[in-house]
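This is work_31.cif. It holds mmCIF, C-alpha atoms.
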```cif
data_entry
#
loop_
_atom_site.label_atom_id
_atom_site.label_comp_id
_atom_site.auth_asym_id
_atom_site.auth_seq_id
_atom_site.Cartn_x
_atom_site.Cartn_y
_atom_site.Cartn_z
CA MET A 186 -25.61 18.62 -27.07
CA LEU A 187 -23.73 15.79 -28.70
CA THR A 188 -23.73 12.42 -27.02
CA LEU A 189 -20.53 10.43 -26.57
CA ARG A 190 -21.85 7.98 -29.16
CA GLN A 191 -22.35 10.77 -31.70
CA ILE A 192 -18.86 12.10 -31.01
CA GLU A 193 -17.45 8.60 -31.50
CA VAL A 194 -19.26 8.26 -34.86
CA ILE A 195 -18.18 11.71 -36.10
CA ARG A 196 -14.55 10.92 -35.31
CA ALA A 197 -14.79 7.53 -37.03
CA VAL A 198 -16.10 9.21 -40.18
CA MET A 199 -13.31 11.79 -39.95
CA LEU A 200 -10.68 9.04 -39.76
CA THR A 201 -12.03 6.78 -42.52
CA GLY A 202 -13.74 9.24 -44.86
CA THR A 203 -16.70 6.93 -45.51
CA ILE A 204 -19.71 5.58 -43.67
CA ALA A 205 -18.68 2.01 -44.60
CA GLY A 206 -15.18 2.57 -43.20
CA ALA A 207 -16.56 4.09 -39.99
CA ALA A 208 -18.95 1.16 -39.61
CA ARG A 209 -16.06 -1.31 -39.91
CA LEU A 210 -14.00 0.70 -37.41
CA LEU A 211 -16.83 0.71 -34.89
CA ASN A 212 -17.99 -2.80 -35.76
CA VAL A 213 -21.58 -1.72 -36.44
CA ALA A 214 -23.98 -1.76 -39.40
CA ALA A 215 -23.46 0.98 -41.99
CA PRO A 216 -27.19 1.90 -42.49
CA GLY A 217 -27.63 2.64 -38.78
CA LEU A 218 -24.47 4.74 -38.80
CA SER A 219 -25.69 6.70 -41.82
CA ARG A 220 -28.99 7.47 -40.08
CA LEU A 221 -27.17 8.56 -36.92
CA MET A 222 -24.94 10.95 -38.92
CA LYS A 223 -27.98 12.50 -40.66
CA HIS A 224 -29.77 12.89 -37.31
CA THR A 225 -26.67 14.50 -35.78
CA GLU A 226 -26.32 17.08 -38.55
CA ASP A 227 -30.06 17.81 -38.49
CA SER A 228 -30.02 18.35 -34.73
CA LEU A 229 -27.00 20.68 -35.01
CA GLY A 230 -28.54 22.57 -37.91
CA ALA A 231 -25.20 22.48 -39.76
CA LYS A 232 -23.32 20.21 -42.13
CA LEU A 233 -20.25 18.59 -40.60
CA PHE A 234 -19.09 16.96 -43.84
CA SER A 235 -19.20 17.64 -47.54
CA ARG A 236 -19.86 14.67 -49.82
CA ARG A 237 -17.31 14.45 -52.63
CA GLY A 238 -17.08 11.41 -54.83
CA GLY A 239 -18.59 9.15 -52.22
CA ARG A 240 -16.28 10.40 -49.49
CA PHE A 241 -17.01 12.53 -46.44
CA VAL A 242 -14.75 15.59 -46.27
CA PRO A 243 -14.81 17.73 -43.11
CA ALA A 244 -16.63 21.00 -43.77
CA PRO A 245 -14.39 24.08 -43.25
CA GLU A 246 -16.94 25.75 -40.96
CA ALA A 247 -16.86 22.69 -38.65
CA ARG A 248 -13.07 22.66 -38.11
CA SER A 249 -13.34 24.00 -34.57
CA ILE A 250 -15.79 21.22 -33.73
CA PHE A 251 -13.42 18.57 -35.11
CA ALA A 252 -10.52 20.02 -33.13
CA GLN A 253 -12.59 19.81 -29.93
CA ILE A 254 -13.66 16.26 -30.79
CA ASN A 255 -10.05 15.17 -31.23
CA GLU A 256 -9.09 16.82 -27.93
CA LEU A 257 -12.02 15.17 -26.20
CA HIS A 258 -11.03 11.79 -27.62
CA ARG A 259 -7.49 12.17 -26.32
CA ASN A 260 -8.87 13.06 -22.91
CA LEU A 261 -11.15 10.02 -22.98
CA GLU A 262 -8.21 7.80 -23.87
CA ASN A 263 -6.27 9.29 -20.97
CA LEU A 264 -9.25 8.68 -18.71
CA GLN A 265 -9.51 5.05 -19.81
CA PHE A 266 -5.78 4.60 -19.23
CA ALA A 267 -6.12 6.09 -15.73
CA ILE A 268 -9.09 3.83 -14.98
CA GLY A 269 -7.12 0.80 -16.14
CA ALA A 270 -4.20 1.81 -13.95
CA LEU A 271 -6.57 2.20 -11.01
CA GLU A 272 -8.04 -1.24 -11.62
CA ARG A 273 -4.52 -2.74 -11.69
CA GLY A 274 -3.42 -0.77 -8.64
CA GLU A 275 -0.71 0.99 -10.64
CA GLY A 276 0.91 3.83 -8.72
CA ALA A 277 -1.03 2.97 -5.54
CA GLU A 278 0.36 1.55 -2.31
CA PHE A 279 -1.47 -0.45 0.35
CA LYS A 280 0.12 -0.51 3.79
CA PHE A 281 -1.22 -2.78 6.48
CA GLY A 282 -0.07 -4.43 9.65
CA ALA A 283 -0.82 -7.74 11.32
CA THR A 284 0.10 -9.50 14.52
CA PRO A 285 2.43 -12.48 13.93
CA SER A 286 -0.20 -15.22 14.20
CA ILE A 287 -2.02 -13.60 11.27
CA ALA A 288 0.97 -12.10 9.45
CA HIS A 289 3.00 -15.30 9.03
CA VAL A 290 0.41 -17.48 7.27
CA MET A 291 -3.02 -15.95 6.74
CA ALA A 292 -1.93 -12.51 5.55
CA PRO A 293 0.33 -13.86 2.75
CA LEU A 294 -2.59 -15.93 1.45
CA ALA A 295 -4.80 -12.83 1.38
CA VAL A 296 -1.98 -10.83 -0.24
CA ALA A 297 -1.89 -13.44 -3.03
CA ASP A 298 -5.59 -12.81 -3.63
CA LEU A 299 -4.96 -9.06 -3.54
CA ARG A 300 -2.11 -9.32 -6.05
CA ARG A 301 -4.30 -11.24 -8.49
CA ARG A 302 -6.93 -8.50 -8.29
CA TYR A 303 -4.47 -5.56 -8.37
CA PRO A 304 -1.35 -6.84 -10.18
CA ASP A 305 0.50 -3.50 -10.12
CA LEU A 306 -0.31 -2.54 -6.53
CA LEU A 307 2.56 -1.77 -4.15
CA ILE A 308 2.09 -3.71 -0.90
CA ASP A 309 3.75 -3.08 2.46
CA LEU A 310 3.17 -5.59 5.28
CA ASP A 311 4.35 -4.70 8.78
CA VAL A 312 4.45 -7.41 11.47
CA LEU A 313 3.17 -5.80 14.68
CA LYS A 314 3.08 -6.51 18.36
CA ILE A 315 -0.49 -6.15 19.52
CA GLU A 316 0.47 -3.23 21.74
CA ASP A 317 1.90 -1.35 18.73
CA ALA A 318 -1.25 -1.59 16.59
CA ILE A 319 -2.85 1.61 17.91
CA ASP A 320 0.20 3.78 17.18
CA PHE A 321 0.58 2.08 13.78
CA LEU A 322 -2.87 3.33 12.78
CA LEU A 323 -2.91 6.70 14.54
CA LEU A 324 0.47 7.71 13.14
CA GLY A 325 -0.68 6.84 9.62
CA ARG A 326 1.90 4.10 9.08
CA GLY A 327 -0.79 1.82 7.66
CA ASP A 328 -4.40 1.71 6.53
CA VAL A 329 -5.61 -1.29 8.51
CA ALA A 330 -4.28 -3.72 11.11
CA ALA A 331 -5.30 -7.34 11.54
CA VAL A 332 -5.00 -8.08 15.25
CA SER A 333 -5.65 -10.97 17.56
CA SER A 334 -7.41 -9.01 20.27
CA ARG A 335 -9.81 -6.10 20.56
CA LEU A 336 -8.32 -3.06 22.25
CA ASP A 337 -10.23 -0.05 23.55
CA HIS A 338 -9.45 3.27 21.90
CA PRO A 339 -11.92 6.05 21.01
CA ALA A 340 -10.26 6.77 17.64
CA ILE A 341 -10.06 3.15 16.41
CA THR A 342 -12.79 0.90 15.04
CA PHE A 343 -12.48 -2.85 15.59
CA GLU A 344 -14.51 -5.17 13.38
CA PRO A 345 -14.67 -8.98 13.82
CA LEU A 346 -12.32 -10.80 11.48
CA ALA A 347 -12.41 -14.50 12.35
CA GLN A 348 -12.80 -16.94 15.22
CA GLY A 349 -10.30 -19.68 15.99
CA GLN A 350 -9.14 -22.35 18.41
CA LEU A 351 -5.92 -23.31 20.15
CA TYR A 352 -4.20 -26.67 19.73
CA CYS A 353 -1.47 -28.62 21.43
CA ILE A 354 1.47 -29.41 19.15
CA VAL A 355 4.12 -32.07 19.64
CA ALA A 356 6.95 -33.49 17.54
CA GLU A 357 6.12 -36.56 15.47
CA GLU A 358 8.35 -38.74 17.67
CA HIS A 359 6.92 -37.43 20.96
CA PRO A 360 5.08 -39.93 23.22
CA LEU A 361 1.91 -37.84 22.91
CA ALA A 362 1.97 -37.91 19.10
CA ALA A 363 -0.61 -40.68 18.86
CA ARG A 364 -3.20 -38.85 20.97
CA THR A 365 -6.42 -37.64 19.35
CA ARG A 366 -7.25 -35.20 22.15
CA ILE A 367 -5.56 -33.92 25.27
CA ALA A 368 -6.52 -32.21 28.53
CA ALA A 369 -4.82 -29.22 30.12
CA ALA A 370 -3.58 -31.39 32.99
CA GLU A 371 -1.72 -33.64 30.55
CA ILE A 372 -0.19 -30.65 28.76
CA ALA A 373 1.01 -29.19 32.07
CA ALA A 374 2.84 -32.44 32.86
CA HIS A 375 5.29 -31.80 29.99
CA PRO A 376 7.82 -29.02 29.42
CA LEU A 377 6.15 -26.21 27.46
CA ILE A 378 7.60 -23.92 24.79
CA GLY A 379 6.60 -20.34 24.09
CA ILE A 380 4.51 -19.47 27.10
CA GLU A 381 5.04 -15.96 28.45
CA PRO A 382 2.25 -14.98 30.88
CA ARG A 383 2.97 -11.24 30.59
CA ASP A 384 2.23 -10.97 26.87
CA PRO A 385 -1.19 -11.40 25.23
CA TYR A 386 -0.43 -14.82 23.80
CA GLY A 387 0.74 -16.05 27.18
CA ARG A 388 -2.39 -14.80 28.91
CA ILE A 389 -4.72 -16.96 26.88
CA ILE A 390 -2.55 -20.03 27.56
CA THR A 391 -2.26 -19.16 31.25
CA ASP A 392 -6.03 -18.95 31.51
CA ILE A 393 -6.36 -22.57 30.38
CA PHE A 394 -4.21 -23.77 33.28
CA ALA A 395 -5.52 -21.22 35.79
CA ARG A 396 -9.11 -22.40 35.35
CA ALA A 397 -7.96 -25.95 36.09
CA ARG A 398 -5.74 -24.79 39.01
CA LEU A 399 -2.69 -26.34 37.36
CA GLN A 400 0.98 -25.44 37.61
CA TYR A 401 3.13 -25.58 34.48
CA GLN A 402 6.74 -25.04 33.48
CA ALA A 403 8.06 -23.25 30.39
CA PRO A 404 11.83 -23.74 30.23
CA ILE A 405 11.93 -22.33 26.67
CA LYS A 406 10.11 -19.17 25.63
CA ALA A 407 9.60 -17.76 22.14
CA ARG A 408 7.80 -14.66 20.96
CA PHE A 409 6.38 -15.88 17.64
CA GLY A 410 4.18 -18.87 16.93
CA VAL A 411 6.27 -19.98 13.97
CA THR A 412 9.31 -20.06 16.28
CA VAL A 413 7.38 -22.18 18.78
CA CYS A 414 6.58 -24.61 15.96
CA ALA A 415 10.24 -24.81 14.94
CA LEU A 416 11.34 -25.53 18.52
CA VAL A 417 8.64 -28.18 18.99
CA ARG A 418 9.76 -29.88 15.76
CA GLN A 419 13.15 -30.37 17.43
CA ASN A 420 11.31 -32.24 20.23
CA LEU A 421 12.49 -29.70 22.81
CA GLY A 422 9.07 -29.61 24.43
CA ILE A 423 5.41 -29.28 23.50
CA GLY A 424 3.46 -26.15 22.70
CA VAL A 425 0.02 -24.61 22.53
CA ILE A 426 -0.56 -22.60 19.37
CA ASP A 427 -3.39 -21.02 17.39
CA GLU A 428 -4.90 -22.69 14.37
CA PHE A 429 -4.00 -19.85 11.99
CA THR A 430 -0.28 -20.28 12.64
CA LEU A 431 -0.76 -24.01 11.99
CA ALA A 432 -2.54 -23.51 8.67
CA GLU A 433 -1.00 -24.52 5.36
CA GLN A 434 2.54 -25.95 5.59
CA ASN A 435 3.31 -24.77 9.14
CA SER A 436 2.08 -28.01 10.73
CA PHE A 437 4.59 -30.09 8.74
CA GLY A 438 6.61 -32.33 11.06
CA LEU A 439 4.18 -31.80 13.96
CA ARG A 440 1.27 -33.63 15.46
CA VAL A 441 -1.66 -31.31 16.12
CA ILE A 442 -3.84 -32.40 19.04
CA PRO A 443 -7.20 -30.83 19.94
CA ILE A 444 -7.46 -29.56 23.51
CA GLU A 445 -10.43 -30.75 25.55
CA GLU A 446 -10.89 -27.45 27.35
CA TYR A 447 -12.63 -24.53 25.66
CA THR A 448 -10.05 -22.35 23.82
CA THR A 449 -12.03 -20.19 21.40
CA PHE A 450 -10.59 -16.75 20.60
CA ARG A 451 -11.51 -13.91 18.26
CA THR A 452 -9.47 -11.81 15.84
CA TYR A 453 -10.23 -8.33 14.55
CA VAL A 454 -9.44 -5.85 11.81
CA ALA A 455 -8.78 -2.31 13.04
CA PHE A 456 -8.76 1.07 11.29
CA ARG A 457 -9.13 4.72 12.23
CA ASN A 458 -12.63 6.06 12.82
CA ASP A 459 -11.97 9.08 10.61
CA ALA A 460 -10.64 6.99 7.71
CA THR A 461 -12.56 5.95 4.62
CA LEU A 462 -11.36 2.53 3.57
CA SER A 463 -10.19 2.28 -0.03
CA SER A 464 -11.54 -0.38 -2.37
CA VAL A 465 -8.13 -2.06 -2.05
CA ALA A 466 -8.41 -2.18 1.75
CA GLU A 467 -11.98 -3.50 1.57
CA PHE A 468 -10.93 -6.20 -0.90
CA PHE A 469 -8.01 -7.23 1.33
CA ILE A 470 -10.18 -7.44 4.46
CA ALA A 471 -12.73 -9.59 2.63
CA ALA A 472 -9.96 -11.85 1.28
CA LEU A 473 -8.33 -12.20 4.70
CA ARG A 474 -11.65 -12.93 6.37
CA ALA A 475 -12.43 -15.61 3.77
CA ARG A 476 -8.99 -17.22 4.12
CA MET A 477 -9.25 -17.33 7.91
CA ARG A 478 -12.78 -18.70 7.77
CA ARG A 479 -11.65 -21.53 5.48
CA ALA A 480 -8.70 -22.27 7.76
CA HIS A 481 -11.04 -22.44 10.75
CA GLU A 482 -13.47 -24.74 8.94
CA ALA A 483 -10.61 -27.03 7.95
CA SER A 484 -9.33 -27.22 11.54
CA GLU A 485 -12.76 -27.98 12.97
CA GLY A 486 -12.46 -31.55 11.71
CA ARG A 487 -9.63 -32.16 14.19
CA ARG A 488 -11.62 -31.18 17.27
CA PRO A 489 -13.66 -33.56 19.42
CA ARG A 490 -17.41 -33.12 19.16
CA ARG A 491 -19.14 -31.21 21.96
CA SER A 492 -22.82 -31.16 22.77
CA THR A 493 -22.68 -27.47 23.75
CA GLN A 494 -20.08 -24.75 23.94
CA PRO A 495 -20.19 -21.42 25.73
CA ALA A 496 -20.07 -18.26 23.67
CA PRO A 497 -16.55 -16.94 22.97
CA ARG A 498 -15.27 -14.81 25.85
CA ASP A 499 -13.08 -11.76 25.46
CA ALA A 500 -11.08 -12.98 28.44
CA LEU A 501 -10.19 -16.07 26.46
CA SER A 502 -9.56 -14.15 23.28
CA GLY A 503 -6.83 -11.93 24.66
CA ALA A 504 -4.48 -11.76 21.70
CA ILE A 505 -2.31 -14.31 20.21
CA SER A 506 0.91 -12.75 19.07
#
```

Render the structure in this file as structure tokens.
Amino acid sequence: MLTLRQIEVIRAVMLTGTIAGAARLLNVAAPGLSRLMKHTEDSLGAKLFSRRGGRFVPAPEARSIFAQINELHRNLENLQFAIGALERGEGAEFKFGATPSIAHVMAPLAVADLRRRYPDLLIDLDVLKIEDAIDFLLLGRGDVAAVSSRLDHPAITFEPLAQGQLYCIVAEEHPLAARTRIAAAEIAAHPLIGIEPRDPYGRIITDIFARARLQYQAPIKARFGVTVCALVRQNLGIGVIDEFTLAEQNSFGLRVIPIEEYTTFRTYVAFRNDATLSSVAEFFIAALRARMRRAHEASEGRRPRRSTQPAPRDALSGAIS
């Protein structure tokens, strides 16, 4: 049996006609190449080349071998091209979904990391309501979903993605803008934006006030966190929002105030139990997890120090949308 190295050397000698030329082509020393050629012919028990005037001429009886070597080389080149395309993501498509609090800021940052790793990859991001995530995966509309709450379904796996906190946001000119921390009772004393108790985001906010037995008013409601931020910038009220929506440039024009009460929530990445995640999906999940972890670490500096904190509760981590 010929090794790939022997095949490479035979072809180089075929192309150049000399050992010295083959050595230059392969960027190796000529004496070693000469010894390898002699060993190859001895092991085959046949001459592959005739020596004429210092040149190596393919032996007629070895023509079939040379034809196979050329064919093999073309196939190897095709294989290398296919591997390169795979590494670049060429011809592949990655479809994923995310709830708005993740999709609007964190997911684009992870997509940027993904694009650098797979520059030719086709990417399809679908912004999902939390209640649509199960159908999104089961119907095969996407490979993974980054969600802000863990749902129960026998066909779906949920893995922890990141942990975060909620913050109060006010416009820069609001009377509360100078505060360094705020209690739920103080938040409830002001008109709120974006609180809808019936949806997952509203439930986590409602729990903050319910535990303190507080009444609150929400004269303006908005579905998405980025919309809440835009309304608060207009000083139409104050809001409570997750730290991932506030990451990067989304806190511009706002004052972000830590809440005294405990507001920890969890996020998850979901995929079908019967699915094998691609290397692209695994890379994206790792990139998203790293981006969200850095965002959480950056936001921790805003929060007041606590001596102890209870473990995160699923009741508190009901999704942010």

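Note that CA of Ile378 in chain A and CA of Arg476 in chain A are 27.3 Å apart.
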
Excluding same-chain residues fewer than 3 positions from range 421-427 of chain A, what lies within 8 Å of it counting all atoms listed in the file, as a PDB file with C-alpha atoms, keeping the file's coordinate frame?
```
ATOM      1  CA  SER A 286      -0.200 -15.220  14.200  1.00  0.00           C
ATOM      2  CA  GLY A 349     -10.300 -19.680  15.990  1.00  0.00           C
ATOM      3  CA  GLN A 350      -9.140 -22.350  18.410  1.00  0.00           C
ATOM      4  CA  LEU A 351      -5.920 -23.310  20.150  1.00  0.00           C
ATOM      5  CA  TYR A 352      -4.200 -26.670  19.730  1.00  0.00           C
ATOM      6  CA  CYS A 353      -1.470 -28.620  21.430  1.00  0.00           C
ATOM      7  CA  ILE A 354       1.470 -29.410  19.150  1.00  0.00           C
ATOM      8  CA  VAL A 355       4.120 -32.070  19.640  1.00  0.00           C
ATOM      9  CA  ALA A 356       6.950 -33.490  17.540  1.00  0.00           C
ATOM     10  CA  ILE A 372      -0.190 -30.650  28.760  1.00  0.00           C
ATOM     11  CA  HIS A 375       5.290 -31.800  29.990  1.00  0.00           C
ATOM     12  CA  PRO A 376       7.820 -29.020  29.420  1.00  0.00           C
ATOM     13  CA  LEU A 377       6.150 -26.210  27.460  1.00  0.00           C
ATOM     14  CA  ILE A 378       7.600 -23.920  24.790  1.00  0.00           C
ATOM     15  CA  GLY A 379       6.600 -20.340  24.090  1.00  0.00           C
ATOM     16  CA  ILE A 390      -2.550 -20.030  27.560  1.00  0.00           C
ATOM     17  CA  GLY A 410       4.180 -18.870  16.930  1.00  0.00           C
ATOM     18  CA  VAL A 413       7.380 -22.180  18.780  1.00  0.00           C
ATOM     19  CA  CYS A 414       6.580 -24.610  15.960  1.00  0.00           C
ATOM     20  CA  LEU A 416      11.340 -25.530  18.520  1.00  0.00           C
ATOM     21  CA  VAL A 417       8.640 -28.180  18.990  1.00  0.00           C
ATOM     22  CA  ARG A 418       9.760 -29.880  15.760  1.00  0.00           C
ATOM     23  CA  THR A 430      -0.280 -20.280  12.640  1.00  0.00           C
ATOM     24  CA  LEU A 431      -0.760 -24.010  11.990  1.00  0.00           C
ATOM     25  CA  ILE A 505      -2.310 -14.310  20.210  1.00  0.00           C
TER      26      ILE A 505
END
```

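Residue nearest Leu310 in chain A within the list A:Phe409, A:Tyr447, A:Phe429, A:Phe279: A:Phe279 [criterion: smallest interatomic distance, only C-alpha atoms].
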
Open item on the list: Using only C-alpha atoms for the distances, tell me which of A:Glu371, A:Asp309, A:Glu485, A:Glu446 is nearest to Arg396 in chain A.
Closed with: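 Selected residue with least distance to Arg396 in chain A: A:Glu446.
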
Task: Picked residues, the PyMOL selection byres ((chain A and resi 323) around 12), expected as a VMD selection string - done: chain A and resid 317 to 322 324 to 330 338 to 342 455 to 460

Open item on the list: Between CA of Arg388 in chain A and CA of Pro285 in chain A, what is the distance in Å, rounded to a tenth?
Closed with: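 Here the two named atoms are 15.9 Å from each other.
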
Task: Close residues, Ala283 in chain A itself excluded, 9 Å, all atoms listed in the file, min 3 positions apart in chain, as number ranges by chain - done: A: 286-289, 292, 310-315, 318, 329-333, 454

- [ ] In Å, rounded to a single decimal, give me how far CA of Phe281 in chain A is from CA of Arg335 in chain A.
- [x]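 That distance, rounded to one decimal, is 16.8 Å.
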
Give the centre and edge lengths of an axis-aligned box, in Å to one decimal, that holds all listed atoms of range 319-324 of chain A with 3 Å on each side, as JSON.
```
{"center_x": -1.2, "center_y": 4.7, "center_z": 15.3, "size_x": 9.5, "size_y": 12.1, "size_z": 11.1}
```
